[in-house]
file model_18.txt (compact mmCIF, C-alpha atoms)
# COMPACT_ATOMS: atom_id res chain seq x y z
CA ASP A 31 -67.59 40.35 -47.36
CA LYS A 32 -68.05 44.12 -47.26
CA ALA A 33 -64.47 44.91 -46.31
CA GLY A 34 -63.04 42.58 -48.93
CA CYS A 35 -65.30 43.91 -51.66
CA ARG A 36 -64.45 47.48 -50.76
CA GLU A 37 -60.72 46.66 -50.79
CA ALA A 38 -61.02 45.06 -54.21
CA LEU A 39 -62.86 48.06 -55.61
CA ILE A 40 -60.27 50.43 -54.14
CA LEU A 41 -57.47 48.44 -55.79
CA PHE A 42 -59.38 48.48 -59.07
CA ALA A 43 -59.87 52.23 -58.86
CA ALA A 44 -56.18 52.72 -58.17
CA GLY A 45 -55.29 50.95 -61.41
CA GLY A 46 -54.23 47.67 -59.87
CA SER A 47 -51.93 49.18 -57.29
CA GLU A 48 -51.25 46.95 -54.32
CA GLU A 49 -50.95 49.90 -51.99
CA LYS A 50 -53.80 49.80 -49.50
CA GLU A 51 -55.53 52.85 -48.16
CA GLU A 52 -54.85 53.17 -44.45
CA GLY A 53 -58.14 53.34 -42.58
CA ARG A 54 -58.98 55.34 -39.54
CA THR A 55 -59.08 53.78 -36.13
CA GLY A 56 -61.31 54.13 -33.15
CA LYS A 57 -58.87 56.54 -31.50
CA GLY A 58 -56.81 59.37 -32.94
CA VAL A 59 -53.16 58.38 -33.41
CA ALA A 60 -50.11 60.57 -34.02
CA LYS A 61 -46.86 58.81 -34.84
CA PHE A 62 -43.46 59.64 -36.25
CA ALA A 63 -42.86 58.96 -39.91
CA SER A 64 -40.16 56.30 -40.10
CA THR A 65 -37.28 56.97 -42.46
CA SER A 66 -34.85 54.10 -42.91
CA PHE A 67 -31.49 54.11 -44.63
CA SER A 68 -29.66 51.04 -45.84
CA ALA A 69 -26.10 50.61 -44.69
CA ASN A 70 -25.21 49.17 -48.10
CA ASP A 71 -26.56 52.20 -49.98
CA SER A 72 -23.43 54.03 -51.11
CA SER A 73 -25.43 57.04 -52.31
CA THR A 74 -26.47 57.81 -48.73
CA GLY A 75 -23.54 59.34 -46.93
CA VAL A 76 -23.14 60.34 -43.32
CA VAL A 77 -23.95 63.96 -44.12
CA ASP A 78 -27.19 62.96 -45.87
CA VAL A 79 -28.23 60.80 -42.95
CA VAL A 80 -27.57 63.61 -40.48
CA LEU A 81 -29.41 66.19 -42.58
CA ASN A 82 -32.42 63.91 -43.03
CA ALA A 83 -32.50 63.23 -39.29
CA LEU A 84 -32.37 66.94 -38.48
CA THR A 85 -35.15 67.83 -40.92
CA SER A 86 -37.41 64.93 -39.93
CA ASP A 87 -40.43 65.29 -37.68
CA MET A 88 -38.65 63.75 -34.70
CA GLY A 89 -35.56 65.88 -35.29
CA GLY A 90 -37.62 69.07 -35.43
CA ILE A 91 -39.47 68.26 -32.20
CA VAL A 92 -36.28 67.25 -30.34
CA LEU A 93 -34.22 70.22 -31.54
CA GLY A 94 -37.06 72.69 -30.95
CA SER A 95 -37.67 71.41 -27.44
CA ILE A 96 -33.96 71.49 -26.55
CA GLY A 97 -33.65 75.00 -27.97
CA LEU A 98 -36.55 76.27 -25.87
CA VAL A 99 -35.11 74.77 -22.71
CA VAL A 100 -31.69 76.30 -23.44
CA ALA A 101 -33.21 79.71 -24.22
CA ILE A 102 -35.23 79.73 -20.99
CA PHE A 103 -32.27 78.55 -18.91
CA ASN A 104 -30.03 81.17 -20.52
CA ARG A 105 -32.56 83.89 -19.76
CA LEU A 106 -32.96 82.89 -16.12
CA SER A 107 -29.22 82.50 -15.54
CA ALA A 108 -28.41 85.87 -17.13
CA LEU A 109 -30.76 87.94 -14.98
CA ASP A 110 -28.24 88.40 -12.15
CA VAL A 111 -25.09 88.88 -14.25
CA THR A 112 -26.33 91.05 -17.11
CA PRO A 113 -25.96 94.82 -16.58
CA ILE A 114 -29.10 96.90 -16.65
CA GLU A 115 -28.05 98.68 -19.83
CA GLY A 116 -27.64 95.31 -21.59
CA LEU A 117 -31.00 93.81 -20.63
CA GLY A 118 -32.76 95.26 -23.68
CA GLN A 119 -30.32 93.70 -26.11
CA GLN A 120 -30.40 90.42 -24.17
CA SER A 121 -34.22 90.36 -24.26
CA ARG A 122 -34.29 90.86 -28.02
CA ALA A 123 -31.82 88.03 -28.49
CA ASP A 124 -33.86 85.74 -26.22
CA LEU A 125 -37.06 86.50 -28.14
CA LEU A 126 -35.39 85.69 -31.46
CA ALA A 127 -34.10 82.43 -29.99
CA VAL A 128 -37.57 81.47 -28.70
CA PHE A 129 -39.22 82.26 -32.05
CA ALA A 130 -36.61 80.22 -33.92
CA CYS A 131 -37.06 77.25 -31.59
CA LEU A 132 -40.85 77.44 -31.85
CA ALA A 133 -40.61 77.46 -35.66
CA VAL A 134 -38.44 74.33 -35.61
CA LEU A 135 -40.79 72.65 -33.10
CA LEU A 136 -43.96 73.47 -35.08
CA ASN A 137 -42.31 72.27 -38.28
CA GLY A 138 -41.65 68.91 -36.66
CA VAL A 139 -45.20 68.68 -35.27
CA SER A 140 -46.67 69.50 -38.69
CA LYS A 141 -44.84 66.49 -40.19
CA LEU A 142 -46.33 63.99 -37.76
CA ASP A 143 -48.31 61.16 -39.31
CA VAL A 144 -51.73 61.81 -37.79
CA THR A 145 -54.54 59.28 -38.07
CA SER A 146 -57.92 60.84 -37.35
CA ALA A 147 -60.31 59.21 -34.92
CA LEU A 148 -63.36 57.41 -36.22
CA ALA A 149 -66.68 58.05 -34.53
CA GLU A 150 -68.29 55.16 -32.71
CA SER A 151 -70.83 53.09 -34.62
CA VAL A 152 -74.41 52.64 -33.45
CA GLN A 153 -76.93 49.88 -33.97
CA LEU A 154 -79.32 51.21 -36.58
CA ASP A 155 -82.98 51.04 -35.66
CA GLY A 156 -84.30 49.13 -38.64
CA ILE A 157 -84.54 45.80 -40.39
CA PRO A 158 -82.01 44.48 -42.93
CA LEU A 159 -83.31 43.57 -46.38
CA SER A 160 -81.88 40.51 -48.07
CA GLU A 161 -82.16 42.28 -51.43
CA PRO A 162 -83.24 45.70 -52.70
CA SER A 163 -86.97 46.38 -52.64
CA PHE A 164 -88.91 48.52 -55.14
CA THR A 165 -92.03 50.59 -54.61
CA ASP A 166 -92.52 51.25 -58.33
CA GLU A 167 -90.60 49.25 -60.94
CA THR A 168 -92.63 50.57 -63.88
CA ILE A 169 -90.75 53.85 -63.86
CA LEU A 170 -87.41 52.05 -64.21
CA LYS A 171 -86.09 50.83 -67.53
CA ASN A 172 -83.70 48.34 -65.93
CA ALA A 173 -84.75 47.30 -62.42
CA ASP A 174 -82.09 44.59 -62.25
CA GLY A 175 -79.41 47.17 -62.98
CA VAL A 176 -80.68 49.41 -60.18
CA LYS A 177 -80.74 46.42 -57.84
CA TRP A 178 -77.11 45.67 -58.71
CA ALA A 179 -76.09 49.31 -58.23
CA LEU A 180 -77.67 49.60 -54.78
CA GLY A 181 -76.09 46.36 -53.65
CA SER A 182 -72.71 47.45 -54.98
CA VAL A 183 -72.73 50.79 -53.19
CA LEU A 184 -73.57 49.03 -49.91
CA ASP A 185 -70.70 46.59 -50.41
CA ALA A 186 -68.10 49.11 -51.51
CA THR A 187 -68.73 52.05 -49.13
CA PRO A 188 -69.54 52.61 -45.42
CA ALA A 189 -73.21 53.02 -46.36
CA ASP A 190 -75.68 50.76 -44.55
CA THR A 191 -78.81 52.11 -46.24
CA ALA A 192 -79.33 53.05 -49.88
CA VAL A 193 -82.48 54.75 -51.14
CA LEU A 194 -83.23 55.95 -54.68
CA MET A 195 -85.47 59.01 -54.38
CA MET A 196 -87.36 60.42 -57.38
CA LYS A 197 -89.53 63.40 -58.14
CA THR A 198 -91.86 62.78 -61.08
CA SER A 199 -94.52 64.72 -62.92
CA CYS A 200 -97.24 62.54 -61.39
CA ASN A 201 -96.28 63.35 -57.82
CA ASP A 202 -95.65 66.72 -56.24
CA ARG A 203 -93.47 65.12 -53.57
CA TRP A 204 -90.33 63.05 -53.53
CA LYS A 205 -90.89 59.31 -53.38
CA PRO A 206 -88.63 56.36 -52.52
CA ILE A 207 -88.44 54.17 -55.61
CA ALA A 208 -85.94 51.58 -54.35
CA VAL A 209 -84.51 50.82 -50.91
CA ALA A 210 -81.72 48.50 -49.85
CA GLY A 211 -79.72 47.62 -46.75
CA ILE A 212 -81.07 48.49 -43.30
CA VAL A 213 -84.43 50.22 -43.68
CA PRO A 214 -87.08 51.61 -41.27
CA ARG A 215 -89.31 49.07 -39.60
CA ASP A 216 -92.45 50.89 -40.70
CA GLU A 217 -93.16 49.75 -44.26
CA GLN A 218 -95.09 52.93 -45.02
CA LEU A 219 -91.95 54.98 -44.42
CA ARG A 220 -90.20 52.90 -47.07
CA GLN A 221 -92.91 53.59 -49.63
CA ALA A 222 -93.63 57.31 -49.27
CA LEU A 223 -92.93 60.40 -47.22
CA PRO A 224 -95.41 60.80 -44.35
CA ASP A 225 -97.81 63.72 -44.26
CA SER A 226 -95.91 65.14 -41.30
CA VAL A 227 -93.02 65.95 -43.63
CA ALA A 228 -94.40 68.96 -45.43
CA MET A 229 -91.09 70.23 -46.80
CA THR A 230 -87.86 68.59 -47.98
CA PRO A 231 -85.42 71.50 -48.33
CA ILE A 232 -82.32 69.31 -48.56
CA LEU A 233 -83.68 67.23 -51.43
CA ASP A 234 -85.22 70.28 -53.06
CA ARG A 235 -81.76 71.74 -53.58
CA PHE A 236 -81.29 69.27 -56.41
CA LEU A 237 -84.76 70.02 -57.78
CA ASN A 238 -84.30 73.78 -57.80
CA ASN A 239 -80.92 73.49 -59.52
CA LYS A 240 -81.19 70.66 -62.03
CA GLU A 241 -77.68 71.36 -63.29
CA MET A 242 -76.29 70.61 -59.84
CA THR A 243 -73.92 67.64 -60.01
CA LYS A 244 -72.14 68.02 -56.67
CA GLU A 245 -73.12 65.76 -53.81
CA SER A 246 -74.50 66.96 -50.48
CA TYR A 247 -72.77 65.39 -47.49
CA LEU A 248 -74.21 65.57 -43.98
CA PRO A 249 -71.50 63.97 -41.79
CA THR A 250 -73.32 64.49 -38.47
CA LEU A 251 -76.95 63.96 -39.32
CA GLN A 252 -78.20 63.71 -35.73
CA ALA A 253 -77.01 67.26 -35.03
CA LEU A 254 -79.09 68.77 -37.85
CA PRO A 255 -82.69 69.90 -37.47
CA GLY A 256 -83.24 68.94 -41.13
CA ARG A 257 -82.88 65.24 -40.31
CA VAL A 258 -86.66 65.04 -39.90
CA GLU A 259 -87.09 64.80 -43.66
CA PHE A 260 -85.04 61.59 -43.85
CA THR A 261 -87.90 59.37 -42.72
CA TYR A 262 -86.88 56.73 -45.28
CA LEU A 263 -83.60 56.18 -43.41
CA PRO A 264 -83.33 54.48 -40.00
CA GLN A 265 -84.21 57.00 -37.31
CA ASN A 266 -80.76 56.96 -35.71
CA SER A 267 -78.70 57.15 -38.92
CA GLN A 268 -75.51 59.01 -38.09
CA GLU A 269 -74.77 60.54 -41.49
CA ALA A 270 -76.28 60.95 -44.94
CA LEU A 271 -74.80 61.37 -48.39
CA LEU A 272 -76.99 62.63 -51.24
CA VAL A 273 -75.67 62.08 -54.76
CA PRO A 274 -77.62 63.40 -57.77
CA VAL A 275 -78.38 60.91 -60.53
CA SER A 276 -77.70 62.18 -64.03
CA LEU A 277 -80.59 61.42 -66.36
CA SER A 278 -80.43 61.32 -70.15
CA LEU A 279 -82.96 62.97 -72.42
CA SER A 280 -84.75 59.68 -72.97
CA SER A 281 -85.94 59.73 -69.37
CA ILE A 282 -88.09 62.80 -69.93
CA ALA A 283 -89.79 61.97 -73.20
CA GLN A 284 -91.49 58.60 -72.89
CA GLU A 285 -95.14 57.91 -73.66
CA ASN A 286 -97.33 56.61 -70.83
CA VAL A 287 -94.38 57.00 -68.45
CA PRO A 288 -94.21 59.73 -65.77
CA ILE A 289 -91.64 62.41 -66.46
CA ILE A 290 -88.73 62.05 -64.06
CA GLU A 291 -87.84 65.54 -62.94
CA ARG A 292 -84.98 64.54 -60.64
CA ALA A 293 -83.43 61.47 -59.05
CA VAL A 294 -81.11 61.36 -56.04
CA LEU A 295 -79.24 58.47 -54.44
CA VAL A 296 -79.44 58.84 -50.64
CA LEU A 297 -77.06 56.84 -48.46
CA GLY A 298 -77.13 56.45 -44.69
CA SER A 299 -74.55 55.01 -42.33
CA ASP A 300 -74.25 53.91 -38.71
CA THR A 301 -71.03 55.89 -38.21
CA ALA A 302 -70.64 59.65 -38.44
CA LYS A 303 -67.96 61.12 -40.74
CA SER A 304 -67.10 57.72 -42.21
CA PHE A 305 -67.30 58.61 -45.91
CA THR A 306 -63.87 59.37 -47.36
CA PRO A 307 -63.33 61.32 -50.61
CA ARG A 308 -62.72 58.00 -52.35
CA ASP A 309 -66.04 56.65 -51.07
CA VAL A 310 -67.82 59.75 -52.38
CA ALA A 311 -66.13 59.29 -55.75
CA TRP A 312 -67.37 55.70 -55.92
CA CYS A 313 -70.89 56.78 -55.04
CA GLN A 314 -70.81 59.31 -57.87
CA VAL A 315 -69.78 56.56 -60.29
CA ILE A 316 -72.60 54.31 -59.09
CA ALA A 317 -75.09 57.20 -59.34
CA SER A 318 -74.09 57.77 -62.97
CA ARG A 319 -74.68 54.08 -63.69
CA ILE A 320 -78.11 54.29 -62.04
CA GLY A 321 -78.88 57.13 -64.45
CA THR A 322 -78.32 54.81 -67.39
CA PHE A 323 -80.50 52.12 -65.80
CA VAL A 324 -83.32 54.59 -65.25
CA SER A 325 -83.22 56.24 -68.65
CA SER A 326 -82.01 53.58 -71.09

call {"tool": "encode", "arguments": {"input": "model_18.txt", "output": "structure tokens"}}
result
Amino acid sequence: DKAGCREALILFAAGGSEEKEEGRTGKGVAKFASTSFSANDSSTGVVDVVLNALTSDMGGIVLGSIGLVVAIFNRLSALDVTPIEGLGQQSRADLLAVFACLAVLLNGVSKLDVTSALAESVQLDGIPLSEPSFTDETILKNADGVKWALGSVLDATPADTAVLMMKTSCNDRWKPIAVAGIVPRDEQLRQALPDSVAMTPILDRFLNNKEMTKESYLPTLQALPGRVEFTYLPQNSQEALLVPVSLSLSSIAQENVPIIERAVLVLGSDTAKSFTPRDVAWCQVIASRIGTFVSS
């Protein structure tokens, strides 16, 4: 399944390591980092255990909180017994104590193991394709390779929709060449951009700078006015990731074949902010493979 395939690819990317990447949950979680010491470990003495406990996240929070309480209690209890001429010195000492306790408390809070919350998923408004569909296979040198790449990126990442967009010399507009996953119900939207979309500024970034190799990530697509140009994605897609496809020289010098000016892999998902840096790295690898399938 998708989760198993993604886990296998993550293990492969990590060089066979059995350590699993901890995923995010539906709610944000903050927990103490557990540090255990073996009683049979002779190298861990009592002093080491005490020092590690004091410098841990829990130790910092406990000591900082106790220090603040003591400093406040000391200040309140000293108001009636401290002479007027000594109040200035006492105030400076109390301020130093409060700052020191706050530093210890913040140090402990900064060490907490925080798991970020994952946005809620939505039901995408579209139809699932059993296999990738092509609008123009003649422009591709290896359609089967592109089909494999689109299926792989859907299996290995949070993406639910994968679209290969191209700008060629025969068309002054971007065109979907291959689509996979959950796609719009209107077949015409899967084949071309509608006339209502006069400009595609987000895609045109890659066209204006052909040396651009960095992806463009839109983690909250529904909050952007520019989402209107993504007509080839389901209407309620929550995020979009655009990865440029590197093309070799052979893709721009073929007889009777349109010149491919630019190609971009566009991915959509049903959950906002769900692409991790590792997912983006995998998409870049897949995009580079698509480049070889298009131009070789």

call {"tool": "closest_residue", "arguments": {"input": "model_18.txt", "among": "A:Gln218, A:Ser276, A:Thr230, A:Asn266", "to": "A:Gln314", "atoms": "all atoms listed in the file"}}
result
A:Ser276

call {"tool": "closest_residue", "arguments": {"input": "model_18.txt", "among": "A:Ala302, A:Val111, A:Leu84, A:Ile102", "to": "A:Val134", "atoms": "all atoms listed in the file"}}
result
A:Leu84

call {"tool": "atom_distance", "arguments": {"input": "model_18.txt", "atom1": "atom CA of A:Phe323", "atom2": "atom CA of A:Lys177"}}
result
9.8 Å

call {"tool": "residues_around", "arguments": {"input": "model_18.txt", "residues": "A:Ala133", "least_positions_apart": "2", "cutoff": "12 Å", "atoms": "only C-alpha atoms", "output": "ChimeraX atom specification"}}
result
/A:90-91,93-95,97-98,126-131,135-140

call {"tool": "residues_around", "arguments": {"input": "model_18.txt", "residues": "stretch 270-275 of chain A", "least_positions_apart": "2", "cutoff": "7 Å", "atoms": "all atoms listed in the file", "output": "short mmCIF file (atom, residue, chain, number, x, y, z; two decimals) with C-alpha atoms, in the coordinates of the input"}}
result
data_model
loop_
_atom_site.label_atom_id
_atom_site.label_comp_id
_atom_site.auth_asym_id
_atom_site.auth_seq_id
_atom_site.Cartn_x
_atom_site.Cartn_y
_atom_site.Cartn_z
CA THR A 243 -73.92 67.64 -60.01
CA GLU A 245 -73.12 65.76 -53.81
CA SER A 246 -74.50 66.96 -50.48
CA TYR A 247 -72.77 65.39 -47.49
CA LEU A 248 -74.21 65.57 -43.98
CA PRO A 249 -71.50 63.97 -41.79
CA LEU A 251 -76.95 63.96 -39.32
CA LEU A 277 -80.59 61.42 -66.36
CA ALA A 293 -83.43 61.47 -59.05
CA VAL A 294 -81.11 61.36 -56.04
CA LEU A 295 -79.24 58.47 -54.44
CA VAL A 296 -79.44 58.84 -50.64
CA LEU A 297 -77.06 56.84 -48.46
CA GLY A 298 -77.13 56.45 -44.69
CA SER A 299 -74.55 55.01 -42.33
CA GLN A 314 -70.81 59.31 -57.87
CA ALA A 317 -75.09 57.20 -59.34
CA SER A 318 -74.09 57.77 -62.97
CA ILE A 320 -78.11 54.29 -62.04
CA GLY A 321 -78.88 57.13 -64.45
#

call {"tool": "closest_residue", "arguments": {"input": "model_18.txt", "among": "A:Ala208, A:Ile96, A:Met229, A:Met242", "to": "A:Ala173", "atoms": "all atoms listed in the file"}}
result
A:Ala208

call {"tool": "decode", "arguments": {"input": "model_18.txt", "residues": "stretch 257-282 of chain A", "atoms": "C-alpha atoms", "output": "mmCIF file, in the first residue's frame"}}
result
data_model
loop_
_atom_site.group_PDB
_atom_site.id
_atom_site.type_symbol
_atom_site.label_atom_id
_atom_site.label_comp_id
_atom_site.auth_asym_id
_atom_site.auth_seq_id
_atom_site.Cartn_x
_atom_site.Cartn_y
_atom_site.Cartn_z
ATOM 1 C CA ARG A 257 -4.850 28.759 -7.248
ATOM 2 C CA VAL A 258 -7.130 29.571 -10.185
ATOM 3 C CA GLU A 259 -4.424 28.510 -12.623
ATOM 4 C CA PHE A 260 -4.340 24.961 -11.231
ATOM 5 C CA THR A 261 -7.415 23.841 -13.140
ATOM 6 C CA TYR A 262 -5.755 20.483 -13.867
ATOM 7 C CA LEU A 263 -5.800 19.651 -10.136
ATOM 8 C CA PRO A 264 -8.963 18.842 -8.155
ATOM 9 C CA GLN A 265 -10.690 22.089 -7.244
ATOM 10 C CA ASN A 266 -10.258 21.626 -3.491
ATOM 11 C CA SER A 267 -6.607 20.514 -3.528
ATOM 12 C CA GLN A 268 -5.042 21.715 -0.292
ATOM 13 C CA GLU A 269 -1.446 22.123 -1.452
ATOM 14 C CA ALA A 270 0.694 22.010 -4.574
ATOM 15 C CA LEU A 271 4.328 21.193 -5.205
ATOM 16 C CA LEU A 272 5.928 22.188 -8.520
ATOM 17 C CA VAL A 273 9.204 20.479 -9.384
ATOM 18 C CA PRO A 274 11.081 21.433 -12.572
ATOM 19 C CA VAL A 275 12.067 18.590 -14.886
ATOM 20 C CA SER A 276 15.628 18.742 -16.161
ATOM 21 C CA LEU A 277 15.783 18.138 -19.898
ATOM 22 C CA SER A 278 18.852 17.065 -21.849
ATOM 23 C CA LEU A 279 19.956 18.648 -25.099
ATOM 24 C CA SER A 280 18.389 15.849 -27.113
ATOM 25 C CA SER A 281 14.933 17.075 -26.118
ATOM 26 C CA ILE A 282 15.352 20.330 -28.016
#
